[in-house]
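Undergrad: Here you go, this is structure.txt (compact mmCIF, C-alpha atoms).
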# COMPACT_ATOMS: atom_id res chain seq x y z
CA MET A 1 -0.86 55.25 -8.95
CA SER A 2 -0.20 52.76 -11.71
CA PRO A 3 -1.12 53.93 -15.24
CA PHE A 4 -1.82 50.37 -16.39
CA PRO A 5 -5.57 49.77 -16.79
CA SER A 6 -7.43 46.59 -15.97
CA SER A 7 -10.20 45.13 -18.08
CA ALA A 8 -12.84 47.05 -16.12
CA PRO A 9 -14.57 49.72 -18.23
CA ARG A 10 -14.45 53.39 -17.36
CA THR A 11 -17.19 54.50 -14.97
CA GLU A 12 -19.69 56.60 -16.91
CA HIS A 13 -21.89 57.72 -14.02
CA TRP A 14 -20.92 58.81 -10.52
CA ARG A 15 -23.82 58.85 -8.08
CA HIS A 16 -22.37 61.11 -5.41
CA LEU A 17 -20.53 63.74 -7.41
CA ARG A 18 -20.50 65.48 -10.76
CA LEU A 19 -17.58 65.19 -13.17
CA ASP A 20 -16.77 67.47 -16.10
CA LEU A 21 -13.77 66.80 -18.33
CA HIS A 22 -12.60 69.43 -20.79
CA ASP A 23 -9.25 69.74 -22.53
CA GLY A 24 -7.13 68.27 -19.76
CA VAL A 25 -9.02 69.83 -16.84
CA ALA A 26 -11.32 67.77 -14.62
CA THR A 27 -13.88 69.59 -12.49
CA VAL A 28 -15.27 67.44 -9.68
CA THR A 29 -18.25 68.87 -7.81
CA LEU A 30 -19.63 67.43 -4.58
CA ALA A 31 -23.34 67.45 -5.32
CA ARG A 32 -25.49 67.17 -2.20
CA PRO A 33 -26.27 70.86 -1.72
CA GLU A 34 -29.31 70.15 0.46
CA ARG A 35 -26.90 68.58 3.00
CA LEU A 36 -24.05 71.07 2.49
CA ASN A 37 -22.35 68.31 0.47
CA ALA A 38 -21.97 66.09 3.52
CA LEU A 39 -20.04 62.93 2.67
CA THR A 40 -21.62 59.49 2.75
CA PHE A 41 -19.93 56.09 2.56
CA GLY A 42 -20.64 56.14 -1.17
CA ALA A 43 -19.25 59.65 -1.65
CA TYR A 44 -15.93 58.68 -0.05
CA ALA A 45 -15.74 55.58 -2.24
CA ASP A 46 -16.62 57.52 -5.39
CA LEU A 47 -13.89 60.07 -4.75
CA ARG A 48 -11.34 57.33 -4.10
CA ASP A 49 -12.25 55.41 -7.26
CA LEU A 50 -12.65 58.47 -9.50
CA LEU A 51 -9.18 59.75 -8.66
CA ALA A 52 -7.71 56.32 -9.40
CA GLU A 53 -9.49 56.16 -12.76
CA LEU A 54 -8.38 59.65 -13.78
CA ALA A 55 -4.79 58.88 -12.79
CA ARG A 56 -4.77 55.70 -14.89
CA GLU A 57 -6.32 57.33 -17.94
CA GLY A 58 -3.59 59.96 -18.12
CA ALA A 59 -5.71 62.59 -19.88
CA VAL A 60 -6.15 64.91 -16.89
CA ARG A 61 -3.51 67.59 -16.28
CA ALA A 62 -5.27 69.47 -13.48
CA LEU A 63 -8.32 68.89 -11.28
CA VAL A 64 -10.62 71.35 -9.52
CA LEU A 65 -12.59 70.09 -6.52
CA GLY A 66 -15.58 72.18 -5.44
CA GLY A 67 -18.97 71.97 -3.81
CA GLU A 68 -22.42 72.82 -5.10
CA GLY A 69 -24.68 75.26 -3.30
CA ARG A 70 -23.90 77.20 -0.10
CA GLY A 71 -20.65 75.50 0.90
CA PHE A 72 -17.72 73.30 -0.02
CA CYS A 73 -18.32 70.30 2.26
CA SER A 74 -19.68 70.02 5.80
CA GLY A 75 -17.83 66.75 6.49
CA GLY A 76 -19.18 63.29 7.14
CA ASP A 77 -22.96 63.01 7.16
CA VAL A 78 -24.07 62.68 10.79
CA ASP A 79 -27.12 60.56 9.97
CA ASP A 80 -25.53 58.40 7.29
CA ILE A 81 -22.14 57.80 8.91
CA ILE A 82 -22.03 58.50 12.64
CA GLY A 83 -25.24 56.64 13.33
CA ALA A 84 -24.08 53.69 11.24
CA THR A 85 -20.60 53.50 12.78
CA LEU A 86 -22.10 53.09 16.25
CA ALA A 87 -23.38 49.70 15.10
CA MET A 88 -20.14 48.53 13.47
CA ASP A 89 -17.58 46.17 14.94
CA ALA A 90 -13.86 46.95 15.10
CA ALA A 91 -13.03 45.35 11.75
CA GLN A 92 -15.74 47.31 9.95
CA LEU A 93 -14.66 50.55 11.61
CA LEU A 94 -11.06 49.96 10.56
CA ASP A 95 -12.15 49.33 6.96
CA PHE A 96 -14.16 52.56 6.95
CA ASN A 97 -11.38 54.69 8.40
CA ARG A 98 -8.86 53.20 6.01
CA MET A 99 -11.17 54.11 3.12
CA THR A 100 -11.37 57.76 4.16
CA GLY A 101 -7.59 57.85 4.36
CA GLN A 102 -7.37 56.33 0.89
CA VAL A 103 -9.20 59.38 -0.47
CA VAL A 104 -6.54 61.68 0.97
CA ARG A 105 -3.77 59.45 -0.36
CA ALA A 106 -5.41 59.47 -3.78
CA ILE A 107 -5.40 63.29 -3.81
CA ARG A 108 -1.76 63.47 -2.71
CA GLU A 109 -0.57 60.67 -5.01
CA SER A 110 -2.46 61.70 -8.13
CA PRO A 111 -0.09 62.67 -10.96
CA PHE A 112 -1.87 66.00 -11.56
CA PRO A 113 -2.29 69.10 -9.39
CA VAL A 114 -5.52 69.27 -7.38
CA ILE A 115 -7.08 72.67 -6.64
CA ALA A 116 -9.74 73.03 -3.95
CA ALA A 117 -12.18 75.86 -4.72
CA VAL A 118 -13.66 76.67 -1.31
CA HIS A 119 -16.66 78.78 -0.42
CA GLY A 120 -18.74 78.57 2.73
CA VAL A 121 -18.09 75.74 5.12
CA ALA A 122 -15.23 73.25 4.82
CA ALA A 123 -15.63 71.23 8.00
CA GLY A 124 -14.38 67.90 9.32
CA ALA A 125 -13.57 65.63 6.40
CA GLY A 126 -14.34 68.56 4.06
CA ALA A 127 -11.53 70.56 5.66
CA VAL A 128 -9.14 67.62 5.23
CA LEU A 129 -10.07 67.22 1.55
CA ALA A 130 -9.18 70.87 1.00
CA LEU A 131 -6.00 70.46 3.07
CA ALA A 132 -4.89 67.52 0.92
CA ALA A 133 -5.17 69.56 -2.28
CA ASP A 134 -2.09 71.18 -3.80
CA PHE A 135 -3.78 74.60 -3.93
CA ARG A 136 -6.59 76.04 -1.83
CA ILE A 137 -8.42 78.95 -3.46
CA ALA A 138 -11.14 80.49 -1.28
CA ASP A 139 -13.45 83.48 -1.15
CA PRO A 140 -14.24 85.50 2.00
CA THR A 141 -17.18 83.27 2.93
CA ALA A 142 -14.89 80.27 3.45
CA ARG A 143 -14.40 78.87 6.92
CA PHE A 144 -12.41 75.79 7.88
CA ALA A 145 -13.09 73.68 10.95
CA PHE A 146 -11.37 70.42 11.89
CA LEU A 147 -14.22 69.23 14.10
CA PHE A 148 -13.11 65.72 15.03
CA THR A 149 -12.51 66.35 18.73
CA ARG A 150 -15.95 68.00 18.92
CA VAL A 151 -17.50 64.56 18.31
CA GLY A 152 -15.14 62.77 20.70
CA LEU A 153 -12.60 61.57 18.14
CA SER A 154 -8.94 62.29 17.50
CA GLY A 155 -8.11 65.45 15.59
CA GLY A 156 -5.64 63.38 13.58
CA ASP A 157 -8.22 62.02 11.15
CA MET A 158 -7.56 61.15 7.50
CA GLY A 159 -3.95 62.32 7.74
CA ALA A 160 -4.78 65.75 9.19
CA ALA A 161 -2.14 65.47 11.93
CA TYR A 162 0.44 64.72 9.23
CA LEU A 163 -0.55 67.33 6.66
CA LEU A 164 -1.69 70.34 8.69
CA PRO A 165 1.58 70.98 10.63
CA ARG A 166 3.42 70.88 7.32
CA VAL A 167 1.12 73.56 5.90
CA VAL A 168 0.59 75.93 8.84
CA GLY A 169 3.19 74.83 11.41
CA LEU A 170 2.85 72.78 14.58
CA GLY A 171 1.49 75.58 16.76
CA HIS A 172 -1.42 76.50 14.52
CA ALA A 173 -2.09 72.84 13.72
CA THR A 174 -2.28 71.97 17.43
CA ARG A 175 -4.82 74.71 18.03
CA LEU A 176 -6.97 73.84 15.01
CA LEU A 177 -6.98 70.07 15.57
CA MET A 178 -7.27 70.15 19.37
CA LEU A 179 -9.97 72.79 19.74
CA GLY A 180 -11.86 72.35 16.48
CA GLU A 181 -12.47 76.10 16.29
CA PRO A 182 -13.49 77.57 12.92
CA VAL A 183 -10.92 79.53 10.95
CA ARG A 184 -12.37 82.13 8.62
CA ALA A 185 -10.81 83.03 5.30
CA PRO A 186 -8.70 86.06 6.39
CA GLU A 187 -7.04 84.09 9.21
CA ALA A 188 -6.66 81.04 6.98
CA GLU A 189 -4.75 83.21 4.52
CA ARG A 190 -2.62 84.73 7.29
CA ILE A 191 -1.48 81.36 8.68
CA GLY A 192 -0.77 79.89 5.24
CA LEU A 193 -3.74 77.57 4.94
CA LEU A 194 -4.88 79.34 1.75
CA SER A 195 -2.98 79.61 -1.50
CA GLU A 196 -5.11 82.58 -2.55
CA LEU A 197 -8.04 84.60 -1.25
CA THR A 198 -10.40 85.88 -3.93
CA PRO A 199 -13.22 88.45 -3.89
CA ASP A 200 -16.74 87.25 -3.05
CA GLY A 201 -17.80 84.40 -5.29
CA GLY A 202 -14.46 84.38 -7.09
CA ALA A 203 -13.04 81.02 -6.01
CA PRO A 204 -14.50 78.81 -8.80
CA ALA A 205 -13.36 81.13 -11.60
CA ARG A 206 -9.89 81.62 -10.13
CA ALA A 207 -9.50 77.88 -9.52
CA ALA A 208 -10.57 77.20 -13.11
CA ALA A 209 -8.06 79.75 -14.42
CA LEU A 210 -5.25 78.21 -12.36
CA ALA A 211 -6.24 74.74 -13.58
CA ARG A 212 -6.09 75.99 -17.16
CA THR A 213 -2.61 77.44 -16.60
CA LEU A 214 -1.40 74.18 -15.08
CA ALA A 215 -3.03 72.03 -17.77
CA ASP A 216 -1.39 74.11 -20.51
CA GLY A 217 2.02 73.75 -18.86
CA PRO A 218 4.59 70.93 -18.63
CA ALA A 219 2.46 68.17 -17.10
CA LEU A 220 5.34 65.75 -16.56
CA ALA A 221 7.31 68.40 -14.66
CA HIS A 222 4.25 69.21 -12.55
CA ALA A 223 3.66 65.54 -11.76
CA GLN A 224 7.24 64.99 -10.67
CA THR A 225 7.31 68.18 -8.61
CA LYS A 226 4.18 67.05 -6.76
CA ALA A 227 5.65 63.58 -6.22
CA LEU A 228 8.86 65.05 -4.77
CA LEU A 229 6.99 67.46 -2.49
CA THR A 230 5.11 64.52 -1.00
CA ALA A 231 7.98 62.01 -0.92
CA GLU A 232 10.55 64.38 0.58
CA LEU A 233 8.45 65.52 3.55
CA ASP A 234 10.10 62.89 5.74
CA MET A 235 13.46 62.42 4.01
CA PRO A 236 16.87 63.51 5.26
CA LEU A 237 18.54 66.10 3.05
CA ALA A 238 21.02 63.63 1.52
CA ALA A 239 18.24 61.31 0.36
CA ALA A 240 16.16 64.23 -0.95
CA VAL A 241 19.06 65.65 -2.94
CA GLU A 242 19.76 62.23 -4.45
CA LEU A 243 16.09 61.79 -5.40
CA ASP A 244 16.10 65.28 -6.94
CA ALA A 245 19.17 64.38 -8.99
CA ALA A 246 17.65 61.13 -10.28
CA THR A 247 14.39 62.90 -11.15
CA GLN A 248 16.11 65.73 -13.00
CA ALA A 249 18.28 63.29 -14.93
CA LEU A 250 15.13 61.44 -16.00
CA LEU A 251 13.32 64.64 -17.02
CA MET A 252 16.35 65.79 -19.01
CA THR A 253 15.58 62.90 -21.37
CA SER A 254 11.97 64.05 -21.85
CA ALA A 255 10.38 65.53 -24.94
CA ASP A 256 9.34 68.61 -22.97
CA TYR A 257 12.93 69.42 -21.98
CA ALA A 258 14.02 69.23 -25.62
CA GLU A 259 10.96 71.27 -26.63
CA PHE A 260 11.91 74.07 -24.27
CA HIS A 261 15.33 74.35 -25.89
CA ALA A 262 13.84 74.28 -29.39
CA ALA A 263 11.29 76.93 -28.46
CA PHE A 264 13.89 79.14 -26.79
CA THR A 265 16.15 78.91 -29.83
CA ALA A 266 13.28 79.69 -32.20
CA LYS A 267 12.02 82.50 -29.95
CA ARG A 268 8.53 81.00 -29.61
CA ALA A 269 6.37 79.64 -26.80
CA PRO A 270 6.96 75.96 -25.89
CA ARG A 271 4.38 73.39 -27.02
CA TRP A 272 4.34 71.14 -23.97
CA LEU A 273 3.60 67.49 -24.66
CA GLY A 274 3.57 66.12 -21.11
CA ARG A 275 6.15 63.46 -21.86
Mind turning this structure into structure tokens?
TA:
Amino acid sequence: MSPFPSSAPRTEHWRHLRLDLHDGVATVTLARPERLNALTFGAYADLRDLLAELAREGAVRALVLGGEGRGFCSGGDVDDIIGATLAMDAAQLLDFNRMTGQVVRAIRESPFPVIAAVHGVAAGAGAVLALAADFRIADPTARFAFLFTRVGLSGGDMGAAYLLPRVVGLGHATRLLMLGEPVRAPEAERIGLLSELTPDGGAPARAAALARTLADGPALAHAQTKALLTAELDMPLAAAVELDAATQALLMTSADYAEFHAAFTAKRAPRWLGR
């Protein structure tokens, strides 16, 4: 995402989510607990635009995405979205599906790590939002379900058929996307869908602690590592090694690289500047 801002002012109020910014950490909370944080057209658009704004501002070094109430996110709102899409023409449907994919791209292309703090249900689009994050921290109540085939649609929604095999392997991804069966936290950890399984109720605190560790670290190195992980998924080895070399050469001119050497020589902790 480009860091160059337009003349549009920063959005001060987000209708479909709650945003807290503190010392380099953004906490984004899906805030429709009465509907298990089901996503509406507006919620998708808010997530897309919020991530773009935070990326441009450059003040965020880590982001935690969570859900209020009994679960993380139950997916697209059946009443608000499915009913409405039945009345749309092909052009409108394409616009809508492109928008949902833009949310996933925004998560993957943001220059800061994104941590999904999952409790309760993460279903449909909610499961894909968690999948797109760099880290998935969950407690034992978490259950993931890629439900798209259960409503007569392709399991490859919002980039799920691209991302999931790369996280859990083709075999597990085929089962989860084809059958839409729920995966509870212990199995999710076993197949590699989770980064960490916490005790009951521990996901928000652990995600916040991880975000703090990341935000206090070398933000430029984190951003470039994330960019390479995404870019090199489909590259041949020769191209990936060349991109690694160019990236390392660039980072070797950074203030953080020089700061590490100064700190090591002075036997003190580095003071990372993120540039």
Undergrad: Measuring atom to atom with all atoms listed in the file, identify which of A:Ala231, A:Ala223, A:Met178, A:Ala52 is nearest to A:Ser6.
TA: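 When distances to A:Ser6 are compared using all atoms listed in the file, the smallest one comes from A:Ala52.
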Undergrad: Could you jot down the atom CA of A:Pro33 to atom CA of A:Gly69 separation for me, Å, one decimal place?
TA: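 Value for the atom CA of A:Pro33-atom CA of A:Gly69 distance: 4.9 Å.
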Undergrad: With distances taken over all atoms listed in the file, which of A:Pro270, A:Gly76, A:Pro9, A:Gly201 is nearest to A:Gly42?
TA: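 Nearest to A:Gly42: A:Gly76.
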Undergrad: Please list as JSON, numbers by chain every residue within 9 Å of stretch 80-90 of chain A, counting only C-alpha atoms and excluding residues in the same chain fewer than 6 positions away.
TA: {"A": [39, 40, 41, 96]}
Undergrad: Would you mind telling me which residue in A:Leu228, A:Ala219, A:Ala258, A:Leu163 lies nearest to A:Val241 when using all atoms listed in the file?
TA: A:Leu228
Undergrad: When you draw a straight line from atom CA of A:His222 to atom CA of A:Ala239, how long is it in Å?
TA: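 Distance reported for this atom pair: 20.6 Å.
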Undergrad: Record the distance separating atom CA of A:Gly171 and atom CA of A:His119, expressed in Å with one decimal.
TA: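 Answer for the atom CA of A:Gly171 to atom CA of A:His119 separation: 25.2 Å.
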Undergrad: Name the residues in contact with A:Val28 at a cut-off of 9 Å, using all atoms listed in the file, excluding same-chain residues fewer than 2 positions from it; report them as an mmCIF file with C-alpha atoms, in the coordinates of the input.
TA:
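Okay, this is what ended up in out_12.cif:
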data_model
loop_
_atom_site.group_PDB
_atom_site.id
_atom_site.type_symbol
_atom_site.label_atom_id
_atom_site.label_comp_id
_atom_site.auth_asym_id
_atom_site.auth_seq_id
_atom_site.Cartn_x
_atom_site.Cartn_y
_atom_site.Cartn_z
ATOM 1 C CA LEU A 17 -20.530 63.740 -7.410
ATOM 2 C CA ARG A 18 -20.500 65.480 -10.760
ATOM 3 C CA LEU A 19 -17.580 65.190 -13.170
ATOM 4 C CA ASP A 20 -16.770 67.470 -16.100
ATOM 5 C CA LEU A 21 -13.770 66.800 -18.330
ATOM 6 C CA ALA A 26 -11.320 67.770 -14.620
ATOM 7 C CA LEU A 30 -19.630 67.430 -4.580
ATOM 8 C CA LEU A 47 -13.890 60.070 -4.750
ATOM 9 C CA LEU A 63 -8.320 68.890 -11.280
ATOM 10 C CA VAL A 64 -10.620 71.350 -9.520
ATOM 11 C CA LEU A 65 -12.590 70.090 -6.520
ATOM 12 C CA GLY A 66 -15.580 72.180 -5.440
ATOM 13 C CA GLY A 67 -18.970 71.970 -3.810
#
Undergrad: Give me, as a list of chain:residue names, all polymer residues having an atom no more than 10 Å from A:Ala188, counting all atoms listed in the file and skipping those fewer than 6 positions away in the same chain.
TA: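 My reading of the contact set: A:Ala138, A:Ala142, A:Arg143, A:Phe144, A:Val168, A:Pro182, A:Leu194, A:Ser195, A:Glu196, A:Leu197.
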Undergrad: Taking 6 positions as the minimum chain separation for residues in the same chain, which residues sit within 8 Å of stretch 104-110 of chain A when counting only C-alpha atoms? Answer as an NGL selection string.
TA: :A and (1 or 48 or 51-52 or 55 or 128-129 or 132-134 or 158-159 or 227 or 230)
Undergrad: For stretch 171-183 of chain A, take all atoms listed in the file, fit an axis-aligned box around them, add 5 Å to each of the six sides, then output centre and edge lengths in Å rounded to one decimal, as lines of an AutoDock Vina configuration file.
TA:
center_x = -6.0
center_y = 74.8
center_z = 15.3
size_x = 25.0
size_y = 19.5
size_z = 18.8
